[in-house]
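Structure file upload03.txt (compact mmCIF, C-alpha atoms) follows.
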# COMPACT_ATOMS: atom_id res chain seq x y z
CA MET P 3 29.30 -6.04 3.14
CA TYR P 4 28.20 -3.32 5.53
CA ARG P 5 31.78 -2.19 6.10
CA ASN P 6 32.30 -1.70 2.37
CA VAL P 7 28.99 0.09 2.01
CA LEU P 8 29.83 2.34 4.96
CA LEU P 9 33.13 3.35 3.37
CA ARG P 10 31.65 4.03 -0.03
CA SER P 11 28.58 5.75 1.39
CA SER P 12 30.87 8.19 3.19
CA GLN P 13 32.32 9.20 -0.16
CA ARG P 14 28.89 9.62 -1.73
CA PHE P 15 27.52 11.57 1.22
CA ALA P 16 30.59 13.80 0.94
CA SER P 17 29.75 14.53 -2.68
CA PHE P 18 26.47 16.07 -1.54
CA ARG P 19 27.94 18.50 0.99
CA HIS P 20 26.46 21.33 -1.07
CA LEU P 21 22.93 20.04 -0.56
CA PRO P 22 22.38 21.39 2.99
CA ALA P 23 22.80 24.87 1.53
CA ARG P 24 19.64 24.27 -0.49
CA GLY P 25 16.89 21.83 0.40
CA LEU P 26 17.72 20.76 3.92
CA PRO P 27 17.80 24.17 5.66
CA SER P 28 14.33 25.04 4.40
CA LEU P 29 12.97 21.75 5.63
CA SER P 30 14.84 22.10 8.91
CA ARG P 31 13.43 25.59 9.45
CA GLY P 32 9.94 24.30 8.78
CA LEU P 33 10.34 21.42 11.22
CA HIS P 34 11.83 23.75 13.83
CA GLU P 35 8.92 26.18 13.53
CA LEU P 36 6.39 23.36 13.85
CA HIS P 37 8.17 21.98 16.90
CA GLU P 38 8.43 25.40 18.56
CA SER P 39 4.77 26.27 18.00
CA LYS P 40 3.44 22.86 19.01
CA TYR P 41 5.60 22.10 22.02
CA ALA P 42 6.62 25.54 23.35
CA ASP P 43 4.45 25.34 26.48
CA ARG P 44 5.65 21.82 27.24
CA LEU P 45 9.29 22.85 26.86
CA ARG P 46 8.84 25.80 29.20
CA GLN P 47 7.13 23.58 31.77
CA ARG P 48 9.93 20.98 31.56
CA ALA P 49 12.58 23.70 31.89
CA GLU P 50 10.89 25.18 34.98
CA GLU P 51 10.74 21.74 36.61
CA LYS P 52 14.49 21.36 36.15
CA GLY P 53 15.30 24.93 37.11
CA LEU P 54 16.73 25.75 33.68
CA SER P 55 15.97 28.12 30.85
CA VAL P 56 14.52 26.68 27.66
CA ASP P 57 17.81 27.30 25.82
CA ASP P 58 19.82 25.58 28.57
CA LEU P 59 17.43 22.63 28.48
CA LYS P 60 17.88 22.29 24.70
CA LEU P 61 21.67 22.56 25.00
CA LYS P 62 21.79 19.89 27.68
CA ALA P 63 19.59 17.56 25.62
CA LYS P 64 21.82 18.10 22.58
CA GLU P 65 24.98 17.31 24.57
CA GLN P 66 23.43 14.12 25.92
CA GLN P 67 22.33 13.09 22.43
CA GLU P 68 25.79 13.68 20.98
CA ALA P 69 27.43 11.69 23.76
CA GLU P 70 25.03 8.80 23.27
CA SER P 71 25.50 8.90 19.48
CA LYS P 72 29.28 8.76 19.93
CA ARG P 73 29.00 5.78 22.28
CA LEU P 74 26.70 3.93 19.85
CA ARG P 75 28.98 4.63 16.88
CA GLU P 76 32.07 3.33 18.69
CA ALA P 77 30.26 0.19 19.82
CA HIS P 78 28.84 -0.32 16.33
CA ASP P 79 32.22 0.06 14.63
CA ALA P 80 33.80 -2.39 17.07
CA ARG P 81 31.05 -4.93 16.47
CA ILE P 82 31.28 -4.60 12.68
CA ALA P 83 35.06 -5.11 12.81
CA LYS P 84 34.64 -8.23 14.97
CA GLU P 85 31.94 -9.65 12.68
CA LYS P 86 34.12 -9.02 9.62
CA GLU P 87 37.02 -10.88 11.20
CA GLU P 88 34.78 -13.83 12.11
CA LYS P 89 33.26 -13.96 8.61
CA GLU P 90 36.71 -13.93 7.00
CA LYS P 91 37.80 -16.84 9.17
CA ALA P 92 34.60 -18.75 8.36
CA ALA P 93 35.03 -18.05 4.64
CA GLU P 94 38.60 -19.36 4.71
CA ALA P 95 37.44 -22.54 6.41
CA SER P 96 34.60 -22.93 3.91
CA ASP P 97 36.88 -22.35 0.91
CA SER P 98 39.28 -25.04 2.07
CA SER P 99 36.49 -27.64 2.14
CA ARG P 100 34.49 -26.50 -0.91
CA VAL P 101 34.12 -28.95 -3.81
CA GLY P 102 33.83 -27.57 -7.34
CA PRO P 103 34.80 -24.33 -9.02
CA LYS P 104 34.99 -21.13 -7.03
CA PRO P 105 33.03 -18.07 -8.17
CA SER P 106 35.07 -15.77 -10.37
CA ALA P 107 36.65 -12.88 -8.47
CA ARG P 108 35.28 -9.37 -8.79
CA LYS P 109 37.40 -7.23 -11.13
CA ASP P 110 35.78 -3.91 -10.17
CA ASN P 111 35.80 -1.92 -6.94
CA SER P 112 32.05 -1.94 -6.41
CA PRO P 113 30.98 -2.14 -2.75
CA ILE P 114 27.97 -4.26 -3.72
CA LYS P 115 27.90 -7.93 -2.80
CA PRO P 116 27.61 -9.72 -6.18
CA LEU P 117 24.36 -11.54 -6.89
CA SER P 118 26.39 -14.63 -7.83
CA SER P 119 27.40 -14.94 -4.17
CA ILE P 120 23.72 -15.23 -3.21
CA LEU P 121 22.18 -17.19 -6.09
CA ASN P 122 23.53 -19.89 -8.40
CA LEU P 123 23.06 -17.83 -11.56
CA PRO P 124 23.80 -20.59 -14.13
CA ARG P 125 20.97 -22.67 -12.63
CA ILE P 126 18.67 -19.67 -12.21
CA LEU P 127 18.77 -19.12 -15.99
CA SER P 128 16.70 -22.26 -16.53
CA VAL P 129 13.73 -21.21 -14.35
CA SER P 130 10.91 -18.74 -14.98
CA PRO P 131 10.71 -15.20 -13.55
CA GLY P 132 7.95 -16.34 -11.20
CA GLN P 133 10.14 -19.13 -9.86
CA VAL P 134 13.06 -16.74 -9.42
CA SER P 135 10.80 -14.44 -7.39
CA ALA P 136 9.67 -17.35 -5.20
CA LEU P 137 13.27 -18.48 -4.62
CA TRP P 138 14.34 -14.91 -3.77
CA THR P 139 11.56 -14.58 -1.20
CA ALA P 140 12.24 -18.00 0.32
CA TYR P 141 15.97 -17.29 0.61
CA HIS P 142 15.46 -14.10 2.59
CA ALA P 143 12.70 -15.62 4.72
CA SER P 144 15.25 -18.24 5.83
CA ARG P 145 17.75 -15.62 7.08
CA SER P 146 18.24 -14.74 10.77
CA GLU P 147 17.50 -18.27 11.97
CA GLY P 148 14.38 -18.56 9.84
CA THR P 149 12.78 -15.28 10.98
CA GLY P 150 13.82 -13.18 7.98
CA ARG P 151 14.44 -10.24 10.31
CA GLY P 152 16.93 -7.65 9.16
CA TYR P 153 16.10 -8.16 5.47
CA LEU P 154 13.60 -6.98 2.87
CA CYS P 155 13.16 -8.42 -0.60
CA ALA P 156 11.00 -7.90 -3.67
CA THR P 157 10.93 -8.50 -7.41
CA ILE P 158 10.46 -5.40 -9.58
CA PRO P 159 9.50 -5.36 -13.29
CA VAL P 160 12.28 -3.72 -15.28
CA GLU P 161 9.91 -1.07 -16.69
CA LEU P 162 9.14 0.27 -13.19
CA TYR P 163 12.80 0.08 -12.16
CA GLU P 164 13.91 2.15 -15.13
CA LYS P 165 11.28 4.79 -14.33
CA MET P 166 12.45 5.07 -10.72
CA THR P 167 16.15 5.19 -11.53
CA ALA P 168 15.65 7.85 -14.19
CA VAL P 169 14.13 10.07 -11.52
CA GLY P 170 16.74 8.96 -8.95
CA ALA P 171 19.58 9.99 -11.25
CA LYS P 172 18.07 13.47 -11.60
CA TYR P 173 16.99 13.90 -7.97
CA PRO P 174 19.32 11.58 -6.01
CA SER P 175 18.44 12.68 -2.47
CA PHE P 176 15.32 13.34 -0.42
CA VAL P 177 13.90 13.17 3.10
CA LEU P 178 11.22 10.63 4.06
CA PRO P 179 9.01 10.67 7.19
CA VAL P 180 8.32 7.70 9.49
CA PRO P 181 5.33 8.05 11.87
CA ARG P 182 6.06 8.00 15.62
CA PRO P 183 2.82 7.93 17.67
CA GLN P 184 3.29 9.49 21.13
CA LYS P 185 1.00 9.62 24.13
CA ASN P 186 -0.16 13.08 25.18
CA PRO P 187 1.24 13.72 28.70
CA ASP P 188 -1.27 16.54 29.23
CA THR P 189 -4.28 14.19 29.21
CA PRO P 190 -6.26 14.75 32.48
CA GLN P 191 -5.90 12.01 35.07
CA GLY P 192 -8.56 9.34 34.77
CA GLU P 193 -9.11 9.89 31.05
CA GLN P 194 -7.78 7.61 28.34
CA SER P 195 -4.48 8.94 27.03
CA GLN P 196 -4.70 10.21 23.46
CA GLU P 197 -1.92 9.68 20.97
CA GLU P 198 -0.24 12.51 19.07
CA MET P 199 1.40 11.79 15.76
CA ALA P 200 5.04 12.83 15.57
CA HIS P 201 7.48 11.93 12.80
CA GLU P 202 11.11 10.95 12.50
CA PHE P 203 12.84 11.95 9.27
CA TYR P 204 15.34 9.91 7.26
CA TYR P 205 17.73 11.25 4.66
CA MET P 206 18.00 9.00 1.58
CA GLU P 207 20.45 8.95 -1.31
CA TRP P 208 20.64 7.01 -4.57
CA GLY P 209 23.91 5.52 -5.81
CA PHE P 210 24.73 3.82 -9.13
CA HIS P 211 27.38 1.14 -9.54
CA GLY P 212 27.67 0.06 -13.16
CA ALA P 213 25.90 -2.57 -15.23
CA PRO P 214 26.50 -6.26 -14.43
CA LYS P 215 27.30 -8.73 -17.16
CA VAL P 216 24.57 -10.98 -18.48
CA PRO P 217 25.01 -14.32 -16.64
CA SER P 218 26.07 -17.39 -18.59
CA ALA P 219 24.59 -20.87 -18.32
CA SER P 220 28.10 -22.22 -17.66
CA GLU P 221 30.84 -21.08 -15.33
CA PRO P 222 33.35 -18.87 -17.19
CA ASP P 223 36.85 -20.19 -17.78
CA THR P 224 39.11 -17.37 -16.62
CA PHE P 225 41.97 -18.66 -18.87
CA THR P 226 40.16 -19.19 -22.19
CA ALA P 227 36.91 -17.24 -21.93
CA LYS P 228 36.36 -14.72 -24.71
CA PRO P 229 36.16 -11.13 -23.42
CA GLN P 230 32.70 -9.64 -23.65
CA SER P 231 32.13 -6.70 -25.94
CA PRO P 232 30.99 -3.34 -24.53
CA GLU P 233 27.55 -4.05 -26.02
CA GLU P 234 27.32 -7.29 -24.06
CA ASP P 235 28.60 -5.65 -20.89
CA SER P 236 25.95 -2.92 -21.03
CA ALA P 237 22.99 -5.12 -21.91
CA ASN P 238 21.72 -4.83 -18.33
CA PRO P 239 20.86 -1.55 -16.56
CA GLN P 240 23.05 -0.23 -13.78
CA ILE P 241 22.86 -1.75 -10.31
CA SER P 242 21.66 0.89 -7.87
CA THR P 243 21.47 1.37 -4.12
CA VAL P 244 19.39 3.61 -1.88
CA LEU P 245 20.98 4.44 1.49
CA PHE P 246 18.99 5.73 4.46
CA THR P 247 20.24 7.42 7.61
CA SER P 248 18.40 9.46 10.21
CA LEU P 249 18.20 13.14 9.27
CA GLN P 250 19.48 14.08 12.72
CA GLU P 251 22.61 11.96 12.29
CA TYR P 252 23.15 13.20 8.75
CA LYS P 253 23.04 16.82 9.93
CA MET P 254 25.58 16.01 12.66
CA ARG P 255 27.96 13.73 10.74
CA ILE P 256 27.33 14.44 7.02
CA SER P 257 29.74 12.16 5.14
CA PHE P 258 30.28 9.88 8.16
CA ALA P 259 26.60 9.17 8.81
CA THR P 260 25.85 5.47 9.39
CA PRO P 261 23.40 3.89 6.91
CA TYR P 262 20.43 2.48 8.82
CA LEU P 263 19.05 0.70 5.76
CA VAL P 264 20.60 -0.19 2.39
CA LEU P 265 18.38 -1.13 -0.56
CA THR P 266 20.21 -2.84 -3.43
CA HIS P 267 18.61 -3.32 -6.85
CA TYR P 268 20.25 -6.25 -8.66
CA THR P 269 19.86 -5.99 -12.43
CA ASP P 270 21.76 -9.14 -13.41
CA LEU P 271 18.58 -10.88 -14.67
CA VAL P 272 17.04 -7.99 -16.62
CA LYS P 273 18.21 -9.25 -20.03
CA THR P 274 17.26 -12.89 -19.36
CA HIS P 275 14.15 -12.55 -17.17
CA GLY P 276 12.99 -8.93 -17.35
CA ILE P 277 13.10 -8.47 -13.56
CA VAL P 278 15.13 -6.61 -10.94
CA LEU P 279 15.78 -8.19 -7.55
CA LEU P 280 15.49 -5.87 -4.56
CA ARG P 281 17.41 -6.72 -1.38
CA GLY P 282 17.13 -4.58 1.74
CA GLU P 283 19.59 -4.93 4.63
CA ILE P 284 18.98 -3.26 7.98
CA THR P 285 22.12 -2.38 9.96
CA PRO P 286 22.41 -4.32 13.24
CA SER P 287 22.40 -2.26 16.43
CA SER P 288 25.66 -1.66 18.26
CA SER P 289 24.48 -3.71 21.24
CA GLY P 290 24.16 -6.83 19.10
CA GLN P 291 20.47 -7.04 19.99
CA GLY P 292 18.13 -6.08 17.17
CA TYR P 293 18.63 -3.50 14.44
CA LEU P 294 18.85 0.25 13.97
CA LEU P 295 15.44 0.13 12.27
CA SER P 296 12.42 -2.04 12.89
CA GLN P 297 11.17 -4.27 10.09
CA GLU P 298 8.06 -2.10 9.79
CA ASP P 299 10.02 1.17 9.56
CA ALA P 300 12.30 -0.31 6.89
CA GLN P 301 9.23 -1.33 4.91
CA ILE P 302 7.79 2.21 5.22
CA LEU P 303 11.02 3.72 3.86
CA SER P 304 11.18 1.22 1.02
CA MET P 305 7.59 1.99 0.02
CA GLY P 306 8.37 5.70 0.31
CA VAL P 307 10.95 5.39 -2.46
CA GLN P 308 8.29 4.04 -4.80
CA LYS P 309 5.76 6.68 -3.71
CA PHE P 310 8.04 9.63 -4.49
CA TYR P 311 10.19 8.25 -7.33
CA LEU P 312 7.68 6.27 -9.39
CA TRP P 313 6.00 9.02 -11.41
CA ASP P 314 3.05 8.73 -13.74
CA ASP P 315 3.69 8.46 -17.46
CA LYS P 316 3.66 11.83 -19.23
CA LYS P 317 1.03 11.22 -21.87
CA GLY P 318 -1.40 13.60 -23.51
CA ASP P 319 -2.38 17.18 -22.90
CA ASP P 320 -4.27 16.27 -19.72
CA TYR P 321 -1.14 15.10 -17.93
CA SER P 322 -0.55 16.68 -14.53
CA GLU P 323 2.40 16.22 -12.19
CA SER P 324 2.10 13.57 -9.51
CA LYS P 325 2.52 14.69 -5.92
CA GLY P 326 5.83 12.84 -5.64
CA GLU P 327 7.10 14.68 -8.69
CA LYS P 328 6.07 18.07 -7.28
CA PHE P 329 7.77 17.44 -3.92
CA LEU P 330 11.04 16.22 -5.44
CA LYS P 331 11.24 19.13 -7.85
CA ALA P 332 10.54 21.66 -5.08
CA PHE P 333 13.08 20.04 -2.74
CA HIS P 334 15.88 20.29 -5.30
CA GLU P 335 14.93 23.21 -7.52
CA ASN P 336 12.99 25.59 -5.27
CA PRO P 337 13.46 24.58 -1.59
CA ASP P 338 11.85 27.79 -0.28
CA SER P 339 8.54 26.65 -1.77
CA PHE P 340 8.78 23.14 -0.31
CA GLN P 341 5.53 22.40 1.53
CA TRP P 342 6.70 19.95 4.18
CA ASN P 343 3.26 19.80 5.85
CA ASP P 344 1.74 18.55 2.59
CA MET P 345 4.69 16.18 2.15
CA LEU P 346 4.04 14.74 5.61
CA GLU P 347 0.40 14.12 4.77
CA TYR P 348 1.21 12.53 1.43
CA GLY P 349 4.24 10.59 2.65
CA THR P 350 2.37 8.89 5.50
CA GLN P 351 -0.76 7.93 3.57
CA THR P 352 -1.29 4.20 3.67
CA SER P 353 -3.72 3.94 0.78
Kindly return the structure encoded in the file as structure tokens.
Amino acid sequence: MYRNVLLRSSQRFASFRHLPARGLPSLSRGLHELHESKYADRLRQRAEEKGLSVDDLKLKAKEQQEAESKRLREAHDARIAKEKEEKEKAAEASDSSRVGPKPSARKDNSPIKPLSSILNLPRILSVSPGQVSALWTAYHASRSEGTGRGYLCATIPVELYEKMTAVGAKYPSFVLPVPRPQKNPDTPQGEQSQEEMAHEFYYMEWGFHGAPKVPSASEPDTFTAKPQSPEEDSANPQISTVLFTSLQEYKMRISFATPYLVLTHYTDLVKTHGIVLLRGEITPSSSGQGYLLSQEDAQILSMGVQKFYLWDDKKGDDYSESKGEKFLKAFHENPDSFQWNDMLEYGTQTS
């Protein structure tokens, strides 16, 4: 699945090549000014220790980072290709021994793994939304040898999903912060080291992939089944994804940036159960040990989507814009007024 998502995400990232000419430069300038003012003395000290100018030190660090990024990408691509080959072989072996009807083949070119390949939808139709939620959670908790690592899952009421996607369609990209506590190297010897709060930024982008058909209680007969009408096809909302990559990698690679985290919102059960199933998949690291994001960081990014894209209802004369609404509008419509310091404070609040 990741290979397909990587290919399609490259196309969608390419469609937003105009964006860096608007929101991202203003944010980048703000981050650069903060970094320069906060760490200027430390940079000069480090440069003097190495016998370099500050500019030479930055250039050397950038070259090392680019070389390491290239090595990681090549190793990651090789690992993904090997995993795909192994999965195809395993699928062929499984298909040859499977008893019963095979799932119907996809007739679209969506990169999304169909929900029917994860859940037995005809059986799911007979259980309650609460039971579906419990099964969804239990399934993902059993992944990765029972640890659940590398996955997120949740059940979202359709009303909240529709609010988020309406905003996502209008403002499809944003930048979210993830806290990175760092020890202060200037703490005097003998005193307890104090932590400084730094942040790593992740570029996110919404994608929409069409509305899935309402599942049937029986397996469709591909030879005699009656074609569904357009009204039946569109009874469910569109499936959506949210892709995350590090802002640094996005600035370097644009349309070829590797997704670190992919959130998929399955809407197959909206018509029958009134719920949307969220599945988050963290990209494995190129070394084969661990993932590109920690479980905690993935959770922070997932919650960040809700914080910025789930706006308050616009009711009455006393309505005022939520903070998430203000930041998204400024980022897209007036990037020069984007207050990234305020966004950092709001985006990292835990309450």
Can you check which parts of stretch 278-339 of chain P lie within 12 Å of stretch 200-219 of chain P? Per residue, the shortest pair of atoms and distance in Å to one decimal, counting all atoms listed in the file, sorted by chain and number, as JSON lines.
{"residue": "P:Val278", "atom": "CA", "partner": "P:Pro214", "partner_atom": "CA", "distance": 11.9}
{"residue": "P:Leu295", "atom": "CA", "partner": "P:Tyr204", "partner_atom": "CA", "distance": 11.0}
{"residue": "P:Asp299", "atom": "CA", "partner": "P:Glu202", "partner_atom": "CA", "distance": 10.3}
{"residue": "P:Ala300", "atom": "CA", "partner": "P:Tyr204", "partner_atom": "CA", "distance": 10.7}
{"residue": "P:Ile302", "atom": "CA", "partner": "P:Tyr204", "partner_atom": "CA", "distance": 11.0}
{"residue": "P:Leu303", "atom": "CA", "partner": "P:Tyr204", "partner_atom": "CA", "distance": 8.3}
{"residue": "P:Ser304", "atom": "CA", "partner": "P:Met206", "partner_atom": "CA", "distance": 10.4}
{"residue": "P:Gly306", "atom": "CA", "partner": "P:Met206", "partner_atom": "CA", "distance": 10.3}
{"residue": "P:Val307", "atom": "CA", "partner": "P:Met206", "partner_atom": "CA", "distance": 8.9}
{"residue": "P:Phe310", "atom": "CA", "partner": "P:Met206", "partner_atom": "CA", "distance": 11.7}
{"residue": "P:Tyr311", "atom": "CA", "partner": "P:Trp208", "partner_atom": "CA", "distance": 10.9}
Exercise. Could you check how far atom CA of P:Ser288 sits from atom CA of P:Glu147, in Å to one decimal?
Key: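 Going from atom CA of P:Ser288 over to atom CA of P:Glu147 covers 19.5 Å.
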Practice problem: Kindly indicate which residue among P:Ile82, P:Ile241, P:Ile114, P:Leu54 lies nearest to P:Gly290, using only C-alpha atoms for the distances. | Solution: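 Among the listed residues, P:Ile82 lies closest to P:Gly290.
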Quiz prompt | Test item: residues at most 7 Å from P:Ile158, all atoms listed in the file, excluding those fewer than 4 positions along its chain, as a list in words | solution =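 Surrounding residues, per the criterion: Leu162, Tyr163, Ile277, Val278 and Leu279 of chain P.
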Practice problem: Would you work out the distance separating atom CA of P:Lys325 from atom CA of P:Glu164, expressed in Å to one decimal? | Solution: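 Interatomic distance here is 19.3 Å.
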Quiz prompt | Spatial neighbours of P:Thr157, 12 Å, all atoms listed in the file, chain gap at least 5 places, as JSON, numbers by chain | solution = {"P": [131, 132, 133, 134, 135, 136, 137, 138, 139, 162, 163, 266, 267, 268, 269, 271, 272, 275, 276, 277, 278, 279, 280, 281, 282]}
Quiz prompt | Atomic separation - atom CA of P:Pro179 relative to atom CA of P:Glu298, Å | solution = 13.1 Å
Quiz item: Could you pull the residues within 12 Å of P:Ser144, counting only C-alpha atoms, minus those fewer than 6 positions along the same chain, as a list of chain:residue names?
Solution: P:Leu137, P:Trp138, P:Gly150, P:Arg151, P:Gly152, P:Tyr153, P:Leu154, P:Cys155
Self-check item: Nearest to P:Thr350 by atom-to-atom distance, counting all atoms listed in the file, from P:Val180, P:Ala83, P:Met199, P:Ala237
Solution: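 The answer is P:Val180, which sits nearest to P:Thr350.
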